[in-house]
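What follows is the content of entry-v2.cif, which has mmCIF, C-alpha atoms:
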```cif
data_target
loop_
_atom_site.label_atom_id
_atom_site.label_comp_id
_atom_site.auth_asym_id
_atom_site.auth_seq_id
_atom_site.Cartn_x
_atom_site.Cartn_y
_atom_site.Cartn_z
CA THR K 161 -39.22 -6.12 -0.34
CA CYS K 162 -37.76 -5.54 -3.81
CA ALA K 163 -35.14 -3.14 -2.38
CA MET K 164 -34.21 -5.61 0.36
CA SER K 165 -33.67 -8.32 -2.25
CA MET K 166 -31.13 -6.05 -4.04
CA TYR K 167 -29.34 -4.69 -0.97
CA THR K 168 -28.46 -5.85 2.53
CA ILE K 169 -30.59 -5.33 5.62
CA MET K 170 -27.88 -3.02 6.95
CA ASP K 171 -28.23 -0.81 3.86
CA MET K 172 -31.97 -0.58 4.49
CA LEU K 173 -31.44 0.29 8.16
CA MET K 174 -28.96 3.01 7.16
CA MET K 175 -31.43 4.76 4.85
CA PRO K 176 -32.58 7.29 7.51
CA ILE K 177 -28.93 8.23 8.05
CA TYR K 178 -28.44 8.62 4.29
CA PHE K 179 -31.48 10.90 4.26
CA LEU K 180 -29.96 13.01 7.04
CA GLN K 181 -26.71 13.23 5.09
CA CYS K 182 -28.76 14.56 2.19
CA ILE K 183 -30.05 17.41 4.38
CA LEU K 184 -27.06 18.25 6.57
CA PRO K 185 -24.31 20.52 5.17
CA LEU K 186 -20.72 19.39 4.68
CA PRO K 187 -18.43 20.19 7.65
CA TYR K 188 -16.32 22.66 5.68
CA LYS K 189 -16.22 24.72 2.47
CA GLU K 190 -13.67 25.68 -0.17
CA GLY K 191 -12.76 28.84 1.72
CA ASP K 192 -11.98 26.81 4.84
CA VAL K 193 -9.54 24.64 2.90
CA VAL K 194 -7.76 27.65 1.41
CA GLU K 195 -7.49 29.37 4.81
CA SER K 196 -6.26 26.23 6.59
CA PHE K 197 -3.48 25.43 4.13
CA GLN K 198 -2.32 29.01 3.83
CA ARG K 199 -1.98 29.01 7.61
CA MET K 200 -0.07 25.73 7.47
CA ALA K 201 2.27 27.12 4.82
CA ASP K 202 3.05 30.09 7.08
CA LYS K 203 3.74 27.75 10.00
CA VAL K 204 6.12 25.63 7.93
CA LYS K 205 7.99 28.75 6.83
CA GLY K 206 8.31 29.88 10.44
CA GLY K 207 8.91 26.66 12.34
CA GLY K 208 9.38 23.86 9.84
CA ILE K 209 7.30 20.72 9.32
CA PRO K 210 7.07 19.89 13.08
CA ALA K 211 5.05 23.10 13.57
CA LEU K 212 2.14 21.40 11.77
CA THR K 213 1.51 19.20 14.82
CA SER K 214 -0.74 21.91 16.25
CA GLU K 215 -2.92 21.69 13.11
CA ILE K 216 -3.91 18.06 13.66
CA PRO K 217 -6.64 18.67 16.30
CA SER K 218 -8.20 21.53 14.29
CA ALA K 219 -8.40 19.62 10.98
CA TYR K 220 -11.91 19.64 9.55
CA ASP K 221 -12.17 15.89 9.02
CA GLU K 222 -10.18 12.67 9.27
CA TYR K 223 -9.03 12.94 5.65
CA MET K 224 -7.37 16.30 6.24
CA ARG K 225 -6.00 15.11 9.57
CA ARG K 226 -4.44 12.07 7.89
CA GLY K 227 -2.84 14.27 5.24
CA VAL K 228 -1.21 16.50 7.87
CA LYS K 229 0.07 13.43 9.73
CA LEU K 230 1.60 12.09 6.52
CA ILE K 231 3.48 15.36 6.02
CA ILE K 232 4.78 15.31 9.60
CA SER K 233 5.87 11.67 9.29
CA GLY K 234 8.07 12.56 6.30
CA THR K 235 6.14 10.41 3.84
CA ASP K 236 7.22 10.80 0.20
CA SER K 237 4.93 13.00 -1.91
CA HIS K 238 4.22 10.17 -4.38
CA ALA K 239 3.19 7.89 -1.53
CA ILE K 240 0.95 10.61 -0.07
CA LYS K 241 -0.72 11.09 -3.44
CA ASP K 242 -1.28 7.35 -3.88
CA ILE K 243 -2.63 6.86 -0.35
CA MET K 244 -4.99 9.81 -0.42
CA HIS K 245 -6.17 9.19 -4.00
CA GLU K 246 -7.01 5.62 -3.04
CA GLU K 247 -9.05 6.87 -0.10
CA VAL K 248 -10.96 9.33 -2.30
CA ASP K 249 -11.78 6.52 -4.74
CA LYS K 250 -13.12 4.34 -1.92
CA ILE K 251 -15.18 7.21 -0.49
CA SER K 252 -16.71 7.86 -3.91
CA LYS K 253 -17.56 4.17 -4.36
CA ARG K 254 -19.29 4.06 -0.96
CA HIS K 255 -21.27 7.17 -1.85
CA LYS K 256 -22.27 5.72 -5.22
CA GLN K 257 -23.58 2.64 -3.44
CA LYS K 258 -25.79 4.81 -1.22
CA ILE K 259 -27.03 6.76 -4.23
CA GLY K 260 -27.70 3.50 -6.07
CA ILE K 261 -30.18 2.43 -3.39
CA PHE K 262 -32.36 5.48 -3.98
CA ASN K 263 -32.01 5.25 -7.77
CA GLU K 264 -33.12 1.61 -7.69
CA MET K 265 -36.07 2.42 -5.45
CA ALA K 266 -37.02 5.30 -7.75
CA GLY K 267 -37.16 2.77 -10.58
CA VAL K 268 -39.01 0.11 -8.61
CA ALA K 269 -41.68 2.32 -7.00
CA PRO K 270 -43.67 3.11 -10.21
CA THR K 271 -43.47 -0.53 -11.26
CA MET K 272 -44.85 -1.70 -7.92
CA GLY K 273 -47.57 0.94 -8.20
CA MET K 274 -48.53 -0.43 -11.59
CA VAL K 275 -48.58 -3.98 -10.19
CA GLY K 276 -50.92 -2.77 -7.45
CA THR K 277 -53.17 -1.16 -10.05
CA LEU K 278 -53.30 -4.32 -12.17
CA LEU K 279 -54.13 -6.49 -9.19
CA ALA K 280 -56.90 -4.08 -8.15
CA LEU K 281 -58.28 -4.05 -11.72
CA VAL K 282 -58.36 -7.84 -11.76
CA ILE K 283 -60.49 -7.74 -8.61
CA VAL K 284 -62.73 -5.03 -10.13
CA LEU K 285 -63.22 -6.98 -13.35
CA GLY K 286 -64.11 -10.06 -11.32
CA ASN K 287 -66.96 -8.18 -9.68
CA LEU K 288 -68.79 -6.39 -12.49
CA GLU K 289 -72.29 -7.19 -11.20
CA ASP K 290 -72.59 -3.84 -9.40
CA THR K 291 -71.85 -1.36 -12.20
CA SER K 292 -72.70 1.62 -9.98
CA LYS K 293 -69.41 1.17 -8.13
CA LEU K 294 -67.31 0.49 -11.24
CA GLY K 295 -65.99 4.04 -11.65
CA SER K 296 -64.95 4.47 -8.02
CA SER K 297 -63.35 1.01 -7.95
CA ILE K 298 -61.24 1.79 -11.03
CA ALA K 299 -60.26 5.16 -9.53
CA VAL K 300 -59.09 3.44 -6.34
CA ALA K 301 -57.12 0.94 -8.44
CA LEU K 302 -55.32 3.76 -10.27
CA ILE K 303 -54.33 5.38 -6.98
CA ALA K 304 -51.65 2.71 -6.56
CA THR K 305 -49.92 3.89 -9.75
CA LEU K 306 -50.20 7.49 -8.61
CA TYR K 307 -48.59 6.65 -5.28
CA GLY K 308 -45.77 4.75 -6.95
CA VAL K 309 -44.94 7.58 -9.37
CA ALA K 310 -45.28 10.21 -6.64
CA VAL K 311 -42.99 8.43 -4.19
CA ALA K 312 -40.37 7.92 -6.89
CA ASN K 313 -40.35 11.50 -8.15
CA VAL K 314 -41.05 13.39 -4.95
CA LEU K 315 -38.84 11.36 -2.60
CA PHE K 316 -36.34 8.93 -4.10
CA VAL K 317 -35.21 10.85 -7.22
CA PRO K 318 -34.58 14.16 -5.37
CA ILE K 319 -32.66 12.37 -2.60
CA ALA K 320 -30.49 10.56 -5.15
CA LYS K 321 -29.79 13.83 -7.02
CA LYS K 322 -28.97 15.65 -3.79
CA LEU K 323 -26.61 12.90 -2.62
CA ASP K 324 -24.94 12.81 -6.03
CA GLY K 325 -24.33 16.55 -5.90
CA LYS K 326 -22.96 16.34 -2.36
CA ASN K 327 -20.67 13.51 -3.43
CA ASP K 328 -19.23 15.66 -6.23
CA LYS K 329 -18.75 18.56 -3.81
CA GLU K 330 -17.07 16.38 -1.17
CA ILE K 331 -14.72 14.81 -3.71
CA LEU K 332 -13.78 18.31 -4.94
CA LEU K 333 -13.02 19.40 -1.37
CA LYS K 334 -10.88 16.32 -0.80
CA GLU K 335 -8.97 16.99 -4.02
CA MET K 336 -8.33 20.49 -2.73
CA VAL K 337 -7.07 19.04 0.56
CA LEU K 338 -4.71 16.71 -1.30
CA GLU K 339 -3.38 19.60 -3.40
CA GLY K 340 -2.91 21.64 -0.23
CA VAL K 341 -1.07 18.80 1.52
CA LEU K 342 1.34 18.38 -1.39
CA ALA K 343 1.90 22.15 -1.71
CA VAL K 344 2.64 22.58 2.00
CA GLN K 345 4.96 19.56 1.98
CA ALA K 346 6.85 21.12 -0.96
CA GLY K 347 7.41 24.25 1.13
CA GLU K 348 5.45 26.59 -1.11
CA SER K 349 4.56 30.08 0.11
CA SER K 350 1.17 30.90 1.58
CA PHE K 351 0.31 32.98 -1.49
CA LEU K 352 1.17 30.19 -3.95
CA VAL K 353 -0.74 27.62 -1.90
CA GLY K 354 -3.77 29.90 -1.98
CA GLN K 355 -3.52 30.35 -5.75
CA ARG K 356 -3.31 26.59 -6.29
CA LEU K 357 -6.38 25.92 -4.18
CA LYS K 358 -8.45 28.79 -5.56
CA ALA K 359 -7.96 27.29 -9.03
CA PHE K 360 -10.50 24.64 -7.97
CA CYS K 361 -13.16 27.32 -7.45
CA SER K 362 -15.43 29.19 -9.83
CA GLU K 363 -14.71 32.87 -10.43
CA GLY K 364 -17.65 33.93 -8.25
CA LEU K 365 -16.62 31.70 -5.37
CA ARG K 366 -13.00 32.75 -5.74
CA GLY K 367 -14.05 36.37 -5.39
CA ARG K 368 -16.02 35.59 -2.23
CA ILE K 369 -13.06 33.70 -0.74
CA GLU K 370 -10.69 36.56 -1.46
CA GLY K 371 -13.25 38.90 0.08
CA GLY K 372 -13.35 36.79 3.24
CA LYS K 373 -16.83 35.34 2.65
CA GLY K 374 -16.04 31.89 1.27
CA GLY K 375 -15.52 29.97 4.49
CA SER K 376 -17.57 28.86 7.45
CA LYS K 377 -17.41 30.34 10.92
CA LYS K 378 -15.47 27.36 12.28
CA LYS K 379 -11.92 28.16 13.37
#
```
What does the file become when written as structure tokens?
Amino acid sequence: TCAMSMYTIMDMLMMPIYFLQCILPLPYKEGDVVESFQRMADKVKGGGIPALTSEIPSAYDEYMRRGVKLIISGTDSHAIKDIMHEEVDKISKRHKQKIGIFNEMAGVAPTMGMVGTLLALVIVLGNLEDTSKLGSSIAVALIATLYGVAVANVLFVPIAKKLDGKNDKEILLKEMVLEGVLAVQAGESSFLVGQRLKAFCSEGLRGRIEGGKGGSKKK
């Protein structure tokens, strides 16, 4: 009830989907981005910008697909950067709203548990005639607090942390895509495009990518 008063009914109905997004992996990795844009750079060198048309169906998501379309349409690099940066900002804001739901519920759950405990204690204190049941009644009252703290720390906090981490990873991947789009549009070589994109990666991940182990199996 408290969560519904802070967010819309649609947000509440979407919570199972948000939970699935927390579990499911992202559709592509850093190595996939590097491989895709190096391939695009080679195609541009061989057949010009129109050769990128064949890359549209195989793009990993709509963001990458839109970037390739912008290159093909001859859009100015500054316009591409503005358009795609704006989209990244909006994606991040939507993600933060999802994360906010779980953070708010993590804060509310212990409070509601305490309210349940206080209400139960009021009932217990109103029925002190049978002292033999006093201990068990108080124990039952405290269970509400336990449940509230447990739900917050076992469910809501981990989900919020996981979604926050996935948001950071997705934004990083989209920044890589934007860098790749601009590099390919500028006509840079496959090697230079790869170096630009690998700069986004840690040394360990960069080594795995260069060793052919940094991407997914999707082609």
Legend entry - Distance criterion (all atoms listed in the file): nearest to Ala239 in chain K out of K:Leu342, K:Met166, K:Leu357, K:Ile369: K:Leu342
Legend entry - Selection result for the PyMOL selection byres ((chain K and resi 200) around 9) on this file, as a list in words: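 Applied to this file, the PyMOL selection byres ((chain K and resi 200) around 9) selects Glu195, Ser196, Phe197, Gln198, Arg199, Ala201, Asp202, Lys203, Val204, Lys205, Ala211, Leu212, Glu215, Val344 and Ser350 of chain K.
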Inset, instruction - Taking the file as shown, find all residues satisfying the PyMOL selection byres ((chain K and resi 273) around 12) and write them as a list in words. - result: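 Listing what the PyMOL selection byres ((chain K and resi 273) around 12) selects in the shown file: Met265, Ala266, Gly267, Val268, Ala269, Pro270, Thr271, Met272, Met274, Val275, Gly276, Thr277, Leu278, Leu279, Ala280, Val300, Ala301, Leu302, Ile303, Ala304, Thr305, Leu306, Tyr307, Gly308, Val309, Ala310, Val311 and Ala312 of chain K.
Remark: for Gly206 in chain K, the closest of the candidate residues K:Asn263, K:Val314, K:Ile231, K:Gly347 is K:Gly347 (distances computed over all atoms listed in the file).
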Legend entry - Among the residues K:Ile283, K:Leu333, K:Val341, K:Leu288, the one that comes closest to Lys229 in chain K [using all atoms listed in the file]: K:Val341
